[in-house]
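So the structure is just underneath, and the comments pick up after that.
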Amino acid sequence: EISGSGVTATRTLKTHGLSEGGIDEILSDLFGQENPYLGIYAHAEGIHLRMIGRGPDQVAAEKVIEPVEAEIRRLIGDSIWGTDDDTPAGRVASILIERKQTLAVVEGASSGALATMLHVLPEREAFFRGALVPGSGPVHAGHEPASIDSDGALTLAQLARETLSADVGVSVTPVNLDDGNVYIGMVSDSGMHVAQGRFPRRNPQWVIQRSATTAIVQLLAALSADQI
């Protein structure tokens, strides 16, 4: 990008598992500079860090950013899942394709939004088996409704895996109306993992999108950490 005072280069690092306050404390020495400038932004998929460097040309502007990026990666590298235009769904696809694994999902609270994130990827046929989206009401595992807790989430994830013949099964339970919790179950031959999000009663569309985003970010985190 060319500005009145030269060329501007930008770089965004995308994180998960850390709060805005936590990152601010860890990276406190890097904030407050003008060149490069470091900004922190909260997104549904995690905290983003945006670096802006300025120089007489593109190479010089990018070199301004390099030492700050290196220091950020040294301090919180395990929490960085992507850069710039990366998406959680795209990163999940890359990991699964590299492992030669397939994925199936079953959705309650997210009502198909998780499947949509995966289905729109051009590489979907290489890894995505499909989704079970029962609609409103309880999600059943066999003849009985699955419980809305950790055990129920794992049962549903295994159901998706077996029904659609996938290597990895992921579930998003319905919202537990008592406490607003949604459970995300993940199962493969390598292991199983459960994550949790809390979604108090709000606009239904907000719950659908937020639970799907939480599920894809948690799936990426579990795959990156070899938990499944």
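Quick note on naming: the chains in the structure tokens go A, B, ... in the order shown, residues restart at 1 in each chain, and ligands are numbered from 1 in order of appearance.
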
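Summary of the local environment: counting only C-alpha atoms, residues at most 12 Å from A:Asp24, other than itself and those fewer than 4 positions away along its chain, are Leu18, Ser19, Glu20, Ser28, Asp29, Leu30, Phe31, Gly32, Leu38, Gly39, Ile40, Tyr41, Ala42, Ile47, His48, Leu49, Ile72, Leu75 and Ile76 of chain A.
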
Please, could you write that set of residues out with N, CA and C atoms as a PDB file, in the first residue's frame?
ATOM      1  N   LEU A  18      -6.272 -17.106  24.140  1.00  0.00           N
ATOM      2  CA  LEU A  18      -5.772 -16.025  24.985  1.00  0.00           C
ATOM      3  C   LEU A  18      -6.769 -14.873  24.971  1.00  0.00           C
ATOM      4  N   SER A  19      -6.939 -14.214  26.115  1.00  0.00           N
ATOM      5  CA  SER A  19      -7.823 -13.060  26.188  1.00  0.00           C
ATOM      6  C   SER A  19      -7.094 -11.814  25.697  1.00  0.00           C
ATOM      7  N   GLU A  20      -7.862 -10.792  25.391  1.00  0.00           N
ATOM      8  CA  GLU A  20      -7.257  -9.526  24.972  1.00  0.00           C
ATOM      9  C   GLU A  20      -6.360  -8.967  26.075  1.00  0.00           C
ATOM     10  N   SER A  28       3.169  -6.227  26.267  1.00  0.00           N
ATOM     11  CA  SER A  28       3.088  -4.811  26.661  1.00  0.00           C
ATOM     12  C   SER A  28       4.237  -3.966  26.111  1.00  0.00           C
ATOM     13  N   ASP A  29       5.429  -4.537  26.005  1.00  0.00           N
ATOM     14  CA  ASP A  29       6.586  -3.761  25.532  1.00  0.00           C
ATOM     15  C   ASP A  29       6.517  -3.450  24.037  1.00  0.00           C
ATOM     16  N   LEU A  30       5.629  -4.137  23.315  1.00  0.00           N
ATOM     17  CA  LEU A  30       5.559  -3.943  21.865  1.00  0.00           C
ATOM     18  C   LEU A  30       4.514  -2.914  21.453  1.00  0.00           C
ATOM     19  N   PHE A  31       3.620  -2.581  22.363  1.00  0.00           N
ATOM     20  CA  PHE A  31       2.598  -1.587  22.053  1.00  0.00           C
ATOM     21  C   PHE A  31       3.132  -0.170  22.274  1.00  0.00           C
ATOM     22  N   GLY A  32       2.515   0.795  21.606  1.00  0.00           N
ATOM     23  CA  GLY A  32       2.876   2.189  21.809  1.00  0.00           C
ATOM     24  C   GLY A  32       3.895   2.737  20.825  1.00  0.00           C
ATOM     25  N   LEU A  38       1.399  -1.550  16.398  1.00  0.00           N
ATOM     26  CA  LEU A  38       0.777  -2.827  16.718  1.00  0.00           C
ATOM     27  C   LEU A  38      -0.588  -2.583  17.332  1.00  0.00           C
ATOM     28  N   GLY A  39      -1.625  -3.107  16.682  1.00  0.00           N
ATOM     29  CA  GLY A  39      -2.989  -2.982  17.181  1.00  0.00           C
ATOM     30  C   GLY A  39      -3.540  -4.330  17.598  1.00  0.00           C
ATOM     31  N   ILE A  40      -4.470  -4.315  18.524  1.00  0.00           N
ATOM     32  CA  ILE A  40      -5.085  -5.544  19.033  1.00  0.00           C
ATOM     33  C   ILE A  40      -6.594  -5.430  18.870  1.00  0.00           C
ATOM     34  N   TYR A  41      -7.211  -6.484  18.315  1.00  0.00           N
ATOM     35  CA  TYR A  41      -8.632  -6.444  17.992  1.00  0.00           C
ATOM     36  C   TYR A  41      -9.288  -7.768  18.382  1.00  0.00           C
ATOM     37  N   ALA A  42     -10.436  -7.687  19.007  1.00  0.00           N
ATOM     38  CA  ALA A  42     -11.190  -8.882  19.387  1.00  0.00           C
ATOM     39  C   ALA A  42     -12.139  -9.276  18.263  1.00  0.00           C
ATOM     40  N   ILE A  47      -8.412 -13.358  19.159  1.00  0.00           N
ATOM     41  CA  ILE A  47      -7.792 -12.032  19.176  1.00  0.00           C
ATOM     42  C   ILE A  47      -6.844 -11.905  17.991  1.00  0.00           C
ATOM     43  N   HIS A  48      -6.964 -10.796  17.257  1.00  0.00           N
ATOM     44  CA  HIS A  48      -6.085 -10.528  16.124  1.00  0.00           C
ATOM     45  C   HIS A  48      -5.087  -9.434  16.502  1.00  0.00           C
ATOM     46  N   LEU A  49      -3.867  -9.593  16.024  1.00  0.00           N
ATOM     47  CA  LEU A  49      -2.817  -8.597  16.198  1.00  0.00           C
ATOM     48  C   LEU A  49      -2.409  -8.091  14.818  1.00  0.00           C
ATOM     49  N   ILE A  72       6.629 -11.549  18.716  1.00  0.00           N
ATOM     50  CA  ILE A  72       5.282 -12.030  19.043  1.00  0.00           C
ATOM     51  C   ILE A  72       5.240 -13.559  18.951  1.00  0.00           C
ATOM     52  N   LEU A  75       6.879 -15.197  21.894  1.00  0.00           N
ATOM     53  CA  LEU A  75       6.155 -15.093  23.160  1.00  0.00           C
ATOM     54  C   LEU A  75       4.844 -15.874  23.180  1.00  0.00           C
ATOM     55  N   ILE A  76       4.113 -15.880  22.061  1.00  0.00           N
ATOM     56  CA  ILE A  76       2.797 -16.539  22.064  1.00  0.00           C
ATOM     57  C   ILE A  76       2.599 -17.416  20.825  1.00  0.00           C
TER      58      ILE A  76
END

DSSP on the backbone: which residues in stretch 17-220 of chain A end up as strand (DSSP E)? Give the answer as a short mmCIF file (atom, residue, chain, number, x, y, z; two decimals) with C-alpha atoms, in the first residue's frame.
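Produced file states-v4.cif, reproduced below:
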data_model
loop_
_atom_site.label_atom_id
_atom_site.label_comp_id
_atom_site.auth_asym_id
_atom_site.auth_seq_id
_atom_site.Cartn_x
_atom_site.Cartn_y
_atom_site.Cartn_z
CA TYR A 37 2.34 0.16 14.95
CA LEU A 38 0.78 -2.83 16.72
CA GLY A 39 -2.99 -2.98 17.18
CA ILE A 40 -5.08 -5.54 19.03
CA TYR A 41 -8.63 -6.44 17.99
CA ALA A 42 -11.19 -8.88 19.39
CA HIS A 43 -13.00 -11.11 16.89
CA GLY A 46 -10.09 -14.99 18.63
CA ILE A 47 -7.79 -12.03 19.18
CA HIS A 48 -6.08 -10.53 16.12
CA LEU A 49 -2.82 -8.60 16.20
CA ARG A 50 -2.24 -6.21 13.31
CA MET A 51 1.18 -4.75 12.56
CA ILE A 52 1.62 -1.73 10.30
CA GLY A 53 5.08 -0.80 9.05
CA ARG A 54 6.10 2.16 6.91
CA GLY A 55 9.14 2.62 4.72
CA ILE A 80 -1.19 -18.28 16.73
CA TRP A 81 -3.34 -20.24 14.31
CA GLY A 82 -3.14 -18.13 11.17
CA THR A 83 -2.20 -14.94 9.39
CA LEU A 103 -14.48 -35.03 8.74
CA ALA A 104 -18.18 -35.34 9.56
CA VAL A 105 -20.26 -33.13 11.84
CA VAL A 106 -23.59 -33.20 13.65
CA GLU A 107 -25.14 -29.89 14.67
CA PHE A 128 -15.58 -33.18 4.21
CA ARG A 129 -18.01 -36.10 4.37
CA GLY A 130 -21.06 -34.04 5.31
CA ALA A 131 -23.28 -33.06 8.22
CA LEU A 132 -26.24 -34.28 10.21
CA HIS A 140 -30.91 -38.28 19.10
CA ALA A 141 -28.23 -40.92 19.42
CA GLU A 144 -32.78 -41.72 23.08
CA PRO A 145 -32.06 -37.97 22.97
CA VAL A 168 -12.97 -37.37 12.62
CA GLY A 169 -16.41 -36.67 14.09
CA VAL A 170 -17.46 -33.32 15.55
CA SER A 171 -20.67 -32.42 17.34
CA VAL A 172 -22.30 -29.20 18.48
CA ASN A 181 -23.92 -24.07 27.71
CA VAL A 182 -23.13 -25.69 24.37
CA TYR A 183 -20.73 -28.64 24.22
CA ILE A 184 -18.47 -29.41 21.27
CA GLY A 185 -17.39 -33.04 21.02
CA MET A 186 -14.48 -34.23 18.86
CA VAL A 187 -13.59 -37.88 18.28
CA SER A 188 -11.04 -39.75 16.17
CA GLY A 191 -8.41 -39.52 20.96
CA MET A 192 -11.37 -37.46 22.05
CA HIS A 193 -11.83 -33.92 23.32
CA VAL A 194 -14.69 -31.75 24.56
CA ALA A 195 -14.85 -27.96 24.51
CA GLN A 196 -17.57 -25.75 25.91
CA GLY A 197 -19.12 -22.39 25.10
CA ARG A 198 -21.76 -20.43 26.93
#

| field | Nearest-residue call for A:Ser147, choices A:Val175, A:Ala93, A:Val59, A:Ile65, using only C-alpha atoms | value |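 Smallest separation from A:Ser147 among the options: A:Val175.
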
| task | Quick one: pick out all helix (DSSP H, G or I) residues within stretch 56-107 of chain A from a backbone DSSP run and write them as a PyMOL selection string. | result | chain A and resi 58-79+88-99

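Put simply, atom CA of A:Ile148 is 13.9 Å away from atom CA of A:Ser110.
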
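Distances here use only C-alpha atoms; by that measure, the residue among A:Gly108, A:Gly77, A:Asp179, A:Asp84 closest to A:Ala146 is A:Gly108.
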
| Selection near A:Phe127, 12 Å with only C-alpha atoms, sequence-local residues under 6 positions removed, as a PyMOL selection string | chain A and resi 89-90+92-105+118-119+121+164-169

| field | Separation of atom CA of A:Glu69 from atom CA of A:Gly17 in Å | value |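 Interatomic distance, atom CA of A:Gly17 to atom CA of A:Glu69: 18.6 Å.
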